[in-house]
$ cat query_14.txt   # compact mmCIF, C-alpha atoms
# COMPACT_ATOMS: atom_id res chain seq x y z
CA MET A 1 -58.71 -87.83 27.51
CA LYS A 2 -55.18 -86.70 28.43
CA PHE A 3 -54.62 -85.72 24.82
CA ILE A 4 -57.73 -83.51 24.73
CA LEU A 5 -56.83 -81.88 28.07
CA GLY A 6 -53.28 -81.24 26.81
CA ALA A 7 -54.61 -79.73 23.59
CA LEU A 8 -57.02 -77.49 25.52
CA LEU A 9 -54.24 -76.26 27.79
CA ALA A 10 -51.86 -75.75 24.89
CA ILE A 11 -54.10 -73.19 23.22
CA PRO A 12 -54.14 -70.56 26.03
CA MET A 13 -50.50 -71.33 26.87
CA SER A 14 -49.40 -70.74 23.27
CA LEU A 15 -51.46 -67.58 23.11
CA GLY A 16 -49.92 -66.40 26.38
CA LEU A 17 -46.43 -67.19 25.11
CA LEU A 18 -47.14 -65.39 21.84
CA VAL A 19 -48.36 -62.28 23.68
CA TRP A 20 -45.38 -62.41 26.04
CA ALA A 21 -42.90 -62.82 23.18
CA THR A 22 -44.38 -60.16 20.93
CA GLY A 23 -45.25 -57.54 23.53
CA LEU A 24 -48.27 -56.30 25.39
CA ALA A 25 -49.19 -52.69 26.11
CA VAL A 26 -51.48 -52.08 29.07
CA VAL A 27 -53.37 -48.89 29.76
CA ASP A 28 -54.79 -48.68 33.27
CA VAL A 29 -57.08 -45.80 34.23
CA ARG A 30 -58.46 -45.49 37.76
CA GLU A 31 -60.78 -42.73 38.88
CA GLY A 32 -60.72 -41.73 42.52
CA GLY A 33 -63.70 -41.81 44.84
CA PRO A 34 -66.03 -44.60 45.90
CA ASP A 35 -67.78 -44.69 42.50
CA GLY A 36 -64.56 -44.25 40.54
CA MET A 37 -64.32 -46.16 37.30
CA ARG A 38 -61.46 -48.59 36.56
CA LEU A 39 -60.51 -49.30 32.98
CA VAL A 40 -57.75 -51.70 32.02
CA VAL A 41 -57.02 -52.12 28.32
CA PRO A 42 -54.44 -54.76 27.42
CA VAL A 43 -53.29 -54.52 23.79
CA PRO A 44 -51.25 -57.42 22.39
CA LEU A 45 -48.91 -55.54 20.06
CA ALA A 46 -48.53 -58.37 17.53
CA LEU A 47 -52.30 -58.71 17.29
CA ALA A 48 -52.67 -54.94 16.83
CA SER A 49 -49.99 -55.05 14.12
CA ALA A 50 -51.77 -57.91 12.35
CA ALA A 51 -55.12 -56.11 12.62
CA LEU A 52 -53.63 -53.07 10.88
CA HIS A 53 -53.20 -55.13 7.70
CA PHE A 54 -56.99 -55.28 7.39
CA VAL A 55 -57.42 -51.54 7.71
CA ASP A 56 -57.26 -49.18 4.76
CA SER A 57 -53.70 -47.77 4.70
CA GLY A 58 -55.02 -44.22 4.49
CA ARG A 59 -56.64 -44.65 7.89
CA THR A 60 -53.50 -45.89 9.62
CA ARG A 61 -51.52 -42.82 8.65
CA MET A 62 -51.24 -40.37 11.53
CA ARG A 63 -50.84 -37.05 9.77
CA CYS A 64 -48.42 -34.63 11.41
CA PRO A 65 -47.10 -32.26 8.71
CA GLU A 66 -45.84 -29.73 11.28
CA PHE A 67 -43.21 -32.25 12.45
CA ALA A 68 -41.45 -32.08 9.06
CA GLU A 69 -39.51 -28.91 9.88
CA HIS A 70 -38.39 -30.33 13.26
CA ARG A 71 -37.55 -33.81 12.08
CA GLU A 72 -33.87 -33.21 11.39
CA ALA A 73 -33.39 -31.42 14.72
CA ALA A 74 -35.27 -34.13 16.63
CA ALA A 75 -33.18 -36.84 14.96
CA LEU A 76 -29.97 -34.99 15.82
CA LEU A 77 -31.03 -34.51 19.44
CA ALA A 78 -32.14 -38.14 19.82
CA ARG A 79 -28.85 -39.36 18.34
CA GLU A 80 -26.82 -37.20 20.72
CA LEU A 81 -28.99 -38.29 23.65
CA ALA A 82 -28.35 -41.93 22.79
CA ARG A 83 -24.61 -41.25 22.77
CA THR A 84 -24.63 -39.28 26.02
CA PRO A 85 -23.62 -41.10 29.20
CA ASP A 86 -26.18 -41.60 31.96
CA GLY A 87 -26.72 -38.82 34.45
CA ARG A 88 -29.12 -36.34 36.00
CA PHE A 89 -29.54 -33.53 33.48
CA VAL A 90 -31.98 -31.32 35.33
CA GLU A 91 -33.24 -31.03 38.89
CA VAL A 92 -35.57 -28.33 40.16
CA GLU A 93 -36.30 -28.34 43.87
CA GLY A 94 -38.96 -26.02 45.17
CA ARG A 95 -40.99 -25.92 48.32
CA ARG A 96 -43.88 -27.73 46.70
CA GLU A 97 -42.40 -29.27 43.60
CA HIS A 98 -39.56 -31.48 42.56
CA VAL A 99 -38.70 -32.03 38.90
CA THR A 100 -35.98 -34.30 37.57
CA ILE A 101 -34.81 -35.31 34.10
CA ASP A 102 -32.43 -38.25 34.03
CA LYS A 103 -30.94 -40.51 31.47
CA LYS A 104 -30.76 -44.11 32.64
CA ASP A 105 -29.49 -46.69 30.17
CA ASP A 106 -31.47 -46.14 26.98
CA THR A 107 -34.25 -44.20 28.65
CA LEU A 108 -34.99 -40.56 29.34
CA VAL A 109 -36.88 -40.37 32.62
CA ILE A 110 -38.92 -37.27 33.47
CA GLU A 111 -40.47 -37.06 36.94
CA VAL A 112 -42.59 -34.26 38.35
CA HIS A 113 -43.89 -34.24 41.92
CA GLU A 114 -46.12 -31.40 42.96
CA ASP A 115 -48.27 -31.56 46.10
CA ASP A 116 -50.42 -34.65 45.51
CA ASN A 117 -49.79 -34.78 41.76
CA ASP A 118 -47.13 -37.05 40.33
CA VAL A 119 -46.07 -37.54 36.73
CA LEU A 120 -43.56 -40.07 35.47
CA VAL A 121 -42.69 -40.36 31.79
CA ARG A 122 -40.08 -42.79 30.53
CA VAL A 123 -39.03 -42.36 26.91
CA PRO A 124 -36.95 -45.16 25.42
CA ILE A 125 -34.46 -43.32 23.23
CA SER A 126 -34.00 -46.13 20.71
CA ALA A 127 -37.79 -46.30 20.20
CA LEU A 128 -37.84 -42.53 19.77
CA GLN A 129 -35.08 -42.74 17.14
CA GLU A 130 -36.92 -45.51 15.34
CA LEU A 131 -40.11 -43.47 15.33
CA ILE A 132 -38.39 -40.31 14.02
CA GLU A 133 -36.72 -42.32 11.26
CA SER A 134 -40.05 -43.78 10.21
CA TYR A 135 -41.61 -40.34 9.61
CA ASP A 136 -42.29 -40.00 5.88
CA GLY A 137 -42.28 -36.21 5.74
CA GLU A 138 -45.98 -35.85 6.39
CA ALA A 139 -47.18 -38.62 8.66
CA PHE A 140 -46.32 -41.50 10.99
CA GLN A 141 -47.61 -44.95 10.11
CA ALA A 142 -49.45 -46.72 12.93
CA GLU A 143 -47.52 -49.87 12.04
CA ASP A 144 -44.19 -48.11 12.59
CA VAL A 145 -45.39 -46.78 15.93
CA LEU A 146 -46.32 -50.30 16.99
CA ALA A 147 -42.96 -51.61 15.77
CA ALA A 148 -41.17 -48.99 17.86
CA LEU A 149 -43.27 -49.94 20.89
CA ARG A 150 -42.50 -53.62 20.38
CA GLY A 151 -38.79 -52.95 20.23
CA ALA A 152 -38.80 -50.81 23.38
CA PRO A 153 -37.66 -52.18 26.74
CA SER A 154 -40.47 -53.41 28.98
CA GLY A 155 -41.56 -51.39 31.98
CA GLU A 156 -43.71 -48.51 33.07
CA TRP A 157 -43.82 -45.75 30.44
CA VAL A 158 -46.32 -43.31 31.87
CA ARG A 159 -47.71 -42.83 35.36
CA VAL A 160 -49.90 -39.87 36.20
CA GLN A 161 -51.45 -39.38 39.57
CA ASP A 162 -53.76 -36.41 39.92
CA GLY A 163 -55.21 -36.55 43.41
CA ASP A 164 -57.06 -39.87 43.54
CA ASP A 165 -57.05 -40.37 39.78
CA HIS A 166 -54.38 -42.59 38.29
CA VAL A 167 -53.29 -43.39 34.75
CA ARG A 168 -50.61 -45.93 33.98
CA VAL A 169 -49.23 -47.20 30.70
CA TRP A 170 -46.75 -50.00 30.61
CA ILE A 171 -45.27 -52.40 28.10
CA TRP A 172 -44.39 -56.04 28.67
CA MET B 1 -2.26 -71.56 23.28
CA GLN B 2 -5.23 -71.68 25.59
CA ARG B 3 -3.28 -69.86 28.30
CA ARG B 4 -2.28 -67.11 25.86
CA THR B 5 -5.90 -66.71 24.72
CA LEU B 6 -7.04 -66.51 28.33
CA PHE B 7 -4.31 -63.97 29.12
CA THR B 8 -5.27 -61.82 26.09
CA ALA B 9 -8.96 -62.00 26.99
CA GLY B 10 -8.16 -61.06 30.61
CA LEU B 11 -6.01 -58.15 29.48
CA ALA B 12 -8.71 -56.93 27.09
CA LEU B 13 -11.32 -57.15 29.83
CA ALA B 14 -9.08 -55.26 32.28
CA LEU B 15 -8.45 -52.56 29.66
CA LEU B 16 -12.14 -52.29 28.91
CA VAL B 17 -13.00 -51.96 32.59
CA THR B 18 -10.38 -49.28 33.19
CA VAL B 19 -10.40 -47.38 29.90
CA ALA B 20 -14.14 -47.29 29.16
CA PRO B 21 -15.13 -45.36 32.33
CA ALA B 22 -12.11 -43.09 31.84
CA ARG B 23 -13.32 -42.20 28.34
CA ALA B 24 -16.83 -41.56 29.58
CA GLN B 25 -15.38 -39.45 32.41
CA SER B 26 -13.19 -37.29 30.17
CA GLU B 27 -16.17 -35.78 28.37
CA PRO B 28 -16.73 -32.22 29.60
CA TRP B 29 -20.03 -31.42 31.30
CA ILE B 30 -21.39 -27.94 31.85
CA HIS B 31 -23.11 -27.35 35.19
CA VAL B 32 -25.48 -24.58 36.20
CA ARG B 33 -26.64 -24.11 39.79
CA VAL B 34 -29.17 -21.49 40.82
CA VAL B 35 -30.15 -21.16 44.47
CA GLU B 36 -32.87 -18.67 45.29
CA HIS B 37 -32.63 -17.21 48.76
CA GLY B 38 -36.27 -16.37 49.41
CA ASP B 39 -38.13 -19.55 48.48
CA GLY B 40 -35.13 -21.80 48.72
CA ASN B 41 -35.76 -23.00 45.17
CA LYS B 42 -32.82 -24.79 43.60
CA VAL B 43 -32.21 -25.42 39.92
CA SER B 44 -29.50 -27.76 38.84
CA VAL B 45 -28.57 -28.43 35.21
CA ASN B 46 -25.85 -30.85 34.18
CA LEU B 47 -25.32 -31.43 30.48
CA PRO B 48 -22.52 -32.88 28.40
CA LEU B 49 -21.20 -29.98 26.31
CA ALA B 50 -21.80 -31.99 23.14
CA LEU B 51 -25.49 -32.34 24.01
CA ALA B 52 -25.73 -28.65 24.93
CA GLN B 53 -24.31 -27.82 21.49
CA VAL B 54 -26.89 -29.94 19.72
CA ALA B 55 -29.66 -28.47 21.89
CA LEU B 56 -28.54 -25.00 20.80
CA GLU B 57 -28.60 -25.98 17.16
CA VAL B 58 -32.19 -27.13 17.46
CA ALA B 59 -33.41 -24.19 19.56
CA PRO B 60 -36.33 -22.17 18.14
CA ARG B 61 -35.30 -20.09 15.13
CA ASP B 62 -36.67 -16.82 16.44
CA ILE B 63 -34.02 -16.92 19.20
CA MET B 64 -31.19 -18.90 17.70
CA GLU B 65 -30.20 -19.88 14.22
CA LYS B 66 -27.66 -22.67 13.84
CA GLY B 67 -26.22 -21.98 17.29
CA ARG B 68 -26.09 -18.20 16.75
CA LEU B 69 -27.84 -15.87 19.12
CA LYS B 70 -29.47 -12.90 17.44
CA LEU B 71 -29.33 -9.74 19.48
CA ARG B 72 -31.63 -6.79 19.10
CA GLU B 73 -29.86 -4.43 21.47
CA LYS B 74 -30.13 -0.82 20.46
CA ASP B 75 -27.63 0.73 22.90
CA ILE B 76 -24.63 -1.32 21.81
CA THR B 77 -24.44 -3.53 18.78
CA VAL B 78 -22.53 -6.79 18.44
CA SER B 79 -20.45 -5.17 15.70
CA ASP B 80 -19.43 -2.48 18.24
CA ILE B 81 -18.48 -5.14 20.80
CA ARG B 82 -16.52 -7.02 18.11
CA ARG B 83 -14.56 -3.88 17.16
CA LEU B 84 -13.90 -3.05 20.82
CA TRP B 85 -12.80 -6.60 21.55
CA THR B 86 -10.28 -6.59 18.69
CA GLN B 87 -8.65 -3.48 20.14
CA LEU B 88 -8.73 -4.72 23.74
CA LYS B 89 -7.22 -8.06 22.84
CA ALA B 90 -4.30 -6.42 21.07
CA SER B 91 -3.34 -4.45 24.19
CA GLY B 92 -2.19 -7.49 26.22
CA ASP B 93 -2.63 -7.94 29.99
CA ALA B 94 -4.28 -4.86 31.39
CA GLU B 95 -7.18 -3.52 33.35
CA PHE B 96 -9.32 -2.23 30.51
CA VAL B 97 -12.18 -0.67 32.34
CA THR B 98 -12.70 0.33 35.95
CA VAL B 99 -15.85 2.16 36.89
CA GLU B 100 -16.00 3.28 40.49
CA GLU B 101 -19.36 4.66 41.48
CA LYS B 102 -20.79 5.38 44.88
CA ASP B 103 -22.55 2.06 45.12
CA LYS B 104 -21.01 0.06 42.30
CA THR B 105 -17.59 -1.03 41.03
CA VAL B 106 -17.12 -2.58 37.62
CA ARG B 107 -13.81 -4.02 36.57
CA LEU B 108 -12.93 -5.50 33.19
CA ALA B 109 -9.44 -6.93 32.86
CA ARG B 110 -7.34 -9.36 30.92
CA ALA B 111 -4.94 -11.65 32.74
CA GLY B 112 -3.14 -14.24 30.63
CA ASP B 113 -5.63 -16.22 28.59
CA TYR B 114 -8.63 -15.03 30.58
CA LEU B 115 -10.98 -12.09 30.55
CA HIS B 116 -12.20 -11.18 34.03
CA VAL B 117 -15.37 -9.21 34.65
CA ASN B 118 -16.13 -8.25 38.23
CA VAL B 119 -19.17 -6.27 39.26
CA ASN B 120 -19.61 -5.32 42.90
CA GLU B 121 -22.87 -3.65 43.80
CA ARG B 122 -23.07 -2.19 47.27
CA SER B 123 -26.53 -0.67 47.10
CA GLY B 124 -29.63 -2.38 48.45
CA LYS B 125 -29.00 -5.37 46.20
CA ASN B 126 -25.47 -6.07 47.43
CA GLU B 127 -24.60 -8.21 44.44
CA LYS B 128 -21.30 -9.64 43.26
CA VAL B 129 -20.77 -10.93 39.75
CA GLN B 130 -17.58 -12.67 38.73
CA ILE B 131 -17.00 -13.88 35.21
CA ARG B 132 -13.83 -15.65 34.19
CA MET B 133 -13.98 -16.25 30.48
CA PRO B 134 -11.19 -17.74 28.36
CA LEU B 135 -10.20 -15.35 25.56
CA ALA B 136 -10.68 -18.11 22.99
CA VAL B 137 -14.31 -18.38 24.08
CA VAL B 138 -14.90 -14.64 23.67
CA ASP B 139 -13.22 -14.85 20.23
CA ALA B 140 -15.52 -17.72 19.28
CA LEU B 141 -18.56 -15.93 20.66
CA LEU B 142 -17.83 -12.91 18.49
CA SER B 143 -16.85 -14.93 15.43
CA GLY B 144 -20.36 -14.68 13.97
CA SER B 145 -21.22 -12.02 11.48
CA GLY B 146 -23.58 -9.07 11.76
CA GLU B 147 -25.63 -8.84 14.93
CA SER B 148 -25.27 -12.44 16.06
CA MET B 149 -23.13 -14.14 18.66
CA ASP B 150 -21.92 -17.64 17.89
CA ILE B 151 -22.85 -19.57 21.03
CA GLY B 152 -22.19 -22.87 19.27
CA ALA B 153 -18.57 -21.91 18.53
CA ALA B 154 -18.17 -20.64 22.10
CA LEU B 155 -19.39 -23.97 23.49
CA MET B 156 -16.94 -25.75 21.21
CA GLN B 157 -14.11 -23.71 22.76
CA LEU B 158 -15.40 -24.43 26.26
CA LYS B 159 -14.76 -28.13 25.66
CA GLY B 160 -11.13 -27.61 26.50
CA GLN B 161 -11.85 -25.53 29.62
CA ARG B 162 -12.33 -26.71 33.17
CA GLY B 163 -13.38 -24.80 36.26
CA GLU B 164 -15.66 -21.96 37.25
CA ILE B 165 -16.85 -19.61 34.49
CA VAL B 166 -19.55 -17.51 36.10
CA THR B 167 -20.34 -16.81 39.74
CA VAL B 168 -23.12 -14.47 40.80
CA ASP B 169 -23.69 -13.85 44.50
CA GLY B 170 -26.85 -11.82 44.51
CA SER B 171 -29.27 -10.72 47.15
CA ASP B 172 -32.03 -12.84 45.58
CA SER B 173 -30.05 -15.77 44.32
CA ASN B 174 -26.67 -17.35 43.76
CA VAL B 175 -25.69 -18.62 40.33
CA ARG B 176 -22.70 -20.76 39.44
CA ILE B 177 -21.68 -22.05 36.02
CA TRP B 178 -18.70 -24.36 35.71
CA ILE B 179 -17.24 -27.13 33.57
CA ASP B 180 -15.71 -30.38 34.70
CA GLU B 181 -15.81 -34.06 33.90
CA ASN B 182 -18.29 -35.02 36.60
CA ARG B 183 -21.88 -35.81 35.74
CA SER B 184 -23.42 -33.97 38.67
$ encode --input "query_14.txt" --output "structure tokens"
Amino acid sequence: MKFILGALLAIPMSLGLLVWATGLAVVDVREGGPDGMRLVVPVPLALASAALHFVDSGRTRMRCPEFAEHREAAALLARELARTPDGRFVEVEGRREHVTIDKKDDTLVIEVHEDDNDVLVRVPISALQELIESYDGEAFQAEDVLAALRGAPSGEWVRVQDGDDHVRVWIW
Amino acid sequence: MQRRTLFTAGLALALLVTVAPARAQSEPWIHVRVVEHGDGNKVSVNLPLALAQVALEVAPRDIMEKGRLKLREKDITVSDIRRLWTQLKASGDAEFVTVEEKDKTVRLARAGDYLHVNVNERSGKNEKVQIRMPLAVVDALLSGSGESMDIGAALMQLKGQRGEIVTVDGSDSNVRIWIDENRS
């Protein structure tokens, strides 16, 4: 009996450990108002990566030919950003808005506050570099995007608050 | 043996703690502050010069190309400015230009290794502009060919400079641009 119970518990625990070790992206969308919808989509990154192997490779290519001419510049900028010490690069203070761009550790943090709208975007620079390097001259591969996400530090990546509506994306 | 290893490790750690921040500190940062009087809006930009240089290199091509600013001025061309600058530079320390008008004074002078531009407007605007530019930076700026100014080369020269470069005290806003080793 103990053996069966142990085996039953081991399955969800191993799955949980696997998800924790290989990364989980969570998208949380909340609409304001009494009838507002709430949508939470957890995506185990390892599972998503594995699932991609069953999809036709042509369908996992995210075509972006216009990036080709900016690739070198983006790579140069990302490399210099990675080398740059932490600090507040930009701050705009107005009566109704406050915008900041900071570099903290490996992350570029962009925050915009305007009346009751807030935007926070955190861009891990190493993930950005990895993503730029993976560009094949015409497209990004979904697998490479997932790999970059998995290698990124955990935390909140995007938070948008527009009145009562909220969108959050974070990675564990 | 163990004591010596410990001593070496301690010394290395002490060096790392003291030297690493010093290295990070010695990198020049360019700072821009704009304070608008009316709305009280404030803009503050702090960038390591190296990053500013890279940002210039990757700026849109219709404005900049490889760190060179293309000018389309019709009144005075960059080639004219370049020719004028060569002559001015050769004349040593002097007040090159002084324009005294009823409501405006413009002064362009060289003192030592710096070019000073002072504009004092006394009309309704009541604006004061002070630019203190190292000669090497002006040289670098005009080192491009044709009708382009080499901002990238000018930034490279600014790496060795510290202190205030531009101050504008205007009726609408105040602008300051300076270089130091602080991050903010």
$ interface_residues --input "query_14.txt" --of "chain A" --to "chain B" --cutoff "10 Å" --atoms "all atoms listed in the file" --output "ChimeraX atom specification"
/A:70,72-74,76-81,83-102
$ residues_around --input "query_14.txt" --residues "Leu155 (chain B)" --least-positions-apart "3" --cutoff "10 Å" --atoms "all atoms listed in the file" --output "MDAnalysis selection string"
chainID B and resid 30 49:50 52:53 56 67 137 140:141 150:152 158:161
$ atom_distance --input "query_14.txt" --atom1 "CA of Arg82 (chain B)" --atom2 "CA of Ala111 (chain B)"
19.2 Å
$ residues_around --input "query_14.txt" --residues "region 21-35 of chain A" --least-positions-apart "2" --cutoff "10 Å" --atoms "all atoms listed in the file" --output "ChimeraX atom specification"
/A:15-19,37-48,146,149-172
$ residues_around --input "query_14.txt" --residues "Leu108 (chain A)" --least-positions-apart "3" --cutoff "6 Å" --atoms "only C-alpha atoms" --output "list in words"
Asp102, Lys103, Arg122 and Val123 of chain A
$ write_last_selection --input "query_14.txt" --atoms "C-alpha atoms" --output "compact mmCIF listing (two decimals), in the coordinates of the input"
# COMPACT_ATOMS: atom_id res chain seq x y z
CA ASP A 102 -32.43 -38.25 34.03
CA LYS A 103 -30.94 -40.51 31.47
CA ARG A 122 -40.08 -42.79 30.53
CA VAL A 123 -39.03 -42.36 26.91
$ atom_distance --input "query_14.txt" --atom1 "CA of Asn120 (chain B)" --atom2 "CA of Ile177 (chain B)"
18.2 Å
$ closest_residue --input "query_14.txt" --among "A:Thr107, A:Asn117, A:Gln129, A:Gln141" --to "Asp56 (chain A)" --atoms "all atoms listed in the file"
A:Gln141
$ residues_around --input "query_14.txt" --residues "region 121-134 of chain B" --least-positions-apart "3" --cutoff "12 Å" --atoms "all atoms listed in the file" --output "PyMOL selection string"
chain B and resi 89+99-118+137-141+154-155+157-179
$ write_last_selection --input "query_14.txt" --atoms "C-alpha atoms" --output "short mmCIF file (atom, residue, chain, number, x, y, z; two decimals), in the frame of the given file"
data_model
loop_
_atom_site.label_atom_id
_atom_site.label_comp_id
_atom_site.auth_asym_id
_atom_site.auth_seq_id
_atom_site.Cartn_x
_atom_site.Cartn_y
_atom_site.Cartn_z
CA LYS B 89 -7.22 -8.06 22.84
CA VAL B 99 -15.85 2.16 36.89
CA GLU B 100 -16.00 3.28 40.49
CA GLU B 101 -19.36 4.66 41.48
CA LYS B 102 -20.79 5.38 44.88
CA ASP B 103 -22.55 2.06 45.12
CA LYS B 104 -21.01 0.06 42.30
CA THR B 105 -17.59 -1.03 41.03
CA VAL B 106 -17.12 -2.58 37.62
CA ARG B 107 -13.81 -4.02 36.57
CA LEU B 108 -12.93 -5.50 33.19
CA ALA B 109 -9.44 -6.93 32.86
CA ARG B 110 -7.34 -9.36 30.92
CA ALA B 111 -4.94 -11.65 32.74
CA GLY B 112 -3.14 -14.24 30.63
CA ASP B 113 -5.63 -16.22 28.59
CA TYR B 114 -8.63 -15.03 30.58
CA LEU B 115 -10.98 -12.09 30.55
CA HIS B 116 -12.20 -11.18 34.03
CA VAL B 117 -15.37 -9.21 34.65
CA ASN B 118 -16.13 -8.25 38.23
CA VAL B 137 -14.31 -18.38 24.08
CA VAL B 138 -14.90 -14.64 23.67
CA ASP B 139 -13.22 -14.85 20.23
CA ALA B 140 -15.52 -17.72 19.28
CA LEU B 141 -18.56 -15.93 20.66
CA ALA B 154 -18.17 -20.64 22.10
CA LEU B 155 -19.39 -23.97 23.49
CA GLN B 157 -14.11 -23.71 22.76
CA LEU B 158 -15.40 -24.43 26.26
CA LYS B 159 -14.76 -28.13 25.66
CA GLY B 160 -11.13 -27.61 26.50
CA GLN B 161 -11.85 -25.53 29.62
CA ARG B 162 -12.33 -26.71 33.17
CA GLY B 163 -13.38 -24.80 36.26
CA GLU B 164 -15.66 -21.96 37.25
CA ILE B 165 -16.85 -19.61 34.49
CA VAL B 166 -19.55 -17.51 36.10
CA THR B 167 -20.34 -16.81 39.74
CA VAL B 168 -23.12 -14.47 40.80
CA ASP B 169 -23.69 -13.85 44.50
CA GLY B 170 -26.85 -11.82 44.51
CA SER B 171 -29.27 -10.72 47.15
CA ASP B 172 -32.03 -12.84 45.58
CA SER B 173 -30.05 -15.77 44.32
CA ASN B 174 -26.67 -17.35 43.76
CA VAL B 175 -25.69 -18.62 40.33
CA ARG B 176 -22.70 -20.76 39.44
CA ILE B 177 -21.68 -22.05 36.02
CA TRP B 178 -18.70 -24.36 35.71
CA ILE B 179 -17.24 -27.13 33.57
#
$ atom_distance --input "query_14.txt" --atom1 "CA of Asp144 (chain A)" --atom2 "CA of Ile125 (chain A)"
15.2 Å
$ axis_aligned_box --input "query_14.txt" --around "region 139-151 of chain A" --padding-each-side "6 Å" --output "JSON"
{"center_x": -44.1, "center_y": -46.1, "center_z": 14.8, "size_x": 22.7, "size_y": 27.0, "size_z": 24.2}
$ closest_residue --input "query_14.txt" --among "A:Val109, A:Leu128, A:Ala10, A:Val145" --to "Arg71 (chain A)" --atoms "only C-alpha atoms"
A:Leu128
$ residues_around --input "query_14.txt" --residues "Asp136 (chain A)" --least-positions-apart "4" --cutoff "10 Å" --atoms "only C-alpha atoms" --output "list of chain:residue names"
A:Arg63, A:Cys64, A:Pro65, A:Ala68, A:Arg71, A:Ile132, A:Phe140, A:Gln141
$ decode --input "query_14.txt" --residues "region 106-119 of chain A" --atoms "N, CA and C atoms" --output "CSV table (one decimal), in the first residue's frame"
chain,number,residue,atom,x,y,z
A,106,ASP,N,22.0,41.6,-15.6
A,106,ASP,CA,22.1,41.3,-17.1
A,106,ASP,C,20.8,41.7,-17.8
A,107,THR,N,20.1,42.6,-17.1
A,107,THR,CA,18.7,42.9,-17.6
A,107,THR,C,18.5,44.4,-17.9
A,108,LEU,N,17.9,44.7,-19.1
A,108,LEU,CA,17.5,46.0,-19.4
A,108,LEU,C,16.1,46.2,-18.9
A,109,VAL,N,15.8,47.2,-18.1
A,109,VAL,CA,14.5,47.3,-17.5
A,109,VAL,C,13.9,48.6,-18.0
A,110,ILE,N,12.7,48.5,-18.6
A,110,ILE,CA,12.1,49.7,-19.2
A,110,ILE,C,10.7,49.8,-18.4
A,111,GLU,N,10.5,51.0,-17.8
A,111,GLU,CA,9.3,51.2,-17.0
A,111,GLU,C,8.6,52.5,-17.5
A,112,VAL,N,7.4,52.4,-17.7
A,112,VAL,CA,6.6,53.6,-18.1
A,112,VAL,C,5.4,53.7,-17.2
A,113,HIS,N,5.2,54.9,-16.5
A,113,HIS,CA,4.0,55.1,-15.7
A,113,HIS,C,3.4,56.3,-16.3
A,114,GLU,N,2.1,56.2,-16.6
A,114,GLU,CA,1.4,57.3,-17.2
A,114,GLU,C,-0.1,57.2,-16.6
A,115,ASP,N,-0.5,58.2,-15.9
A,115,ASP,CA,-1.8,58.2,-15.2
A,115,ASP,C,-2.0,56.8,-14.6
A,116,ASP,N,-3.1,56.1,-15.1
A,116,ASP,CA,-3.3,54.8,-14.5
A,116,ASP,C,-2.9,53.6,-15.4
A,117,ASN,N,-1.9,54.0,-16.3
A,117,ASN,CA,-1.3,52.9,-17.1
A,117,ASN,C,0.1,52.7,-16.7
A,118,ASP,N,0.5,51.5,-16.6
A,118,ASP,CA,1.9,51.1,-16.2
A,118,ASP,C,2.4,50.0,-17.2
A,119,VAL,N,3.6,50.2,-17.6
A,119,VAL,CA,4.3,49.2,-18.4
A,119,VAL,C,5.6,48.9,-17.8
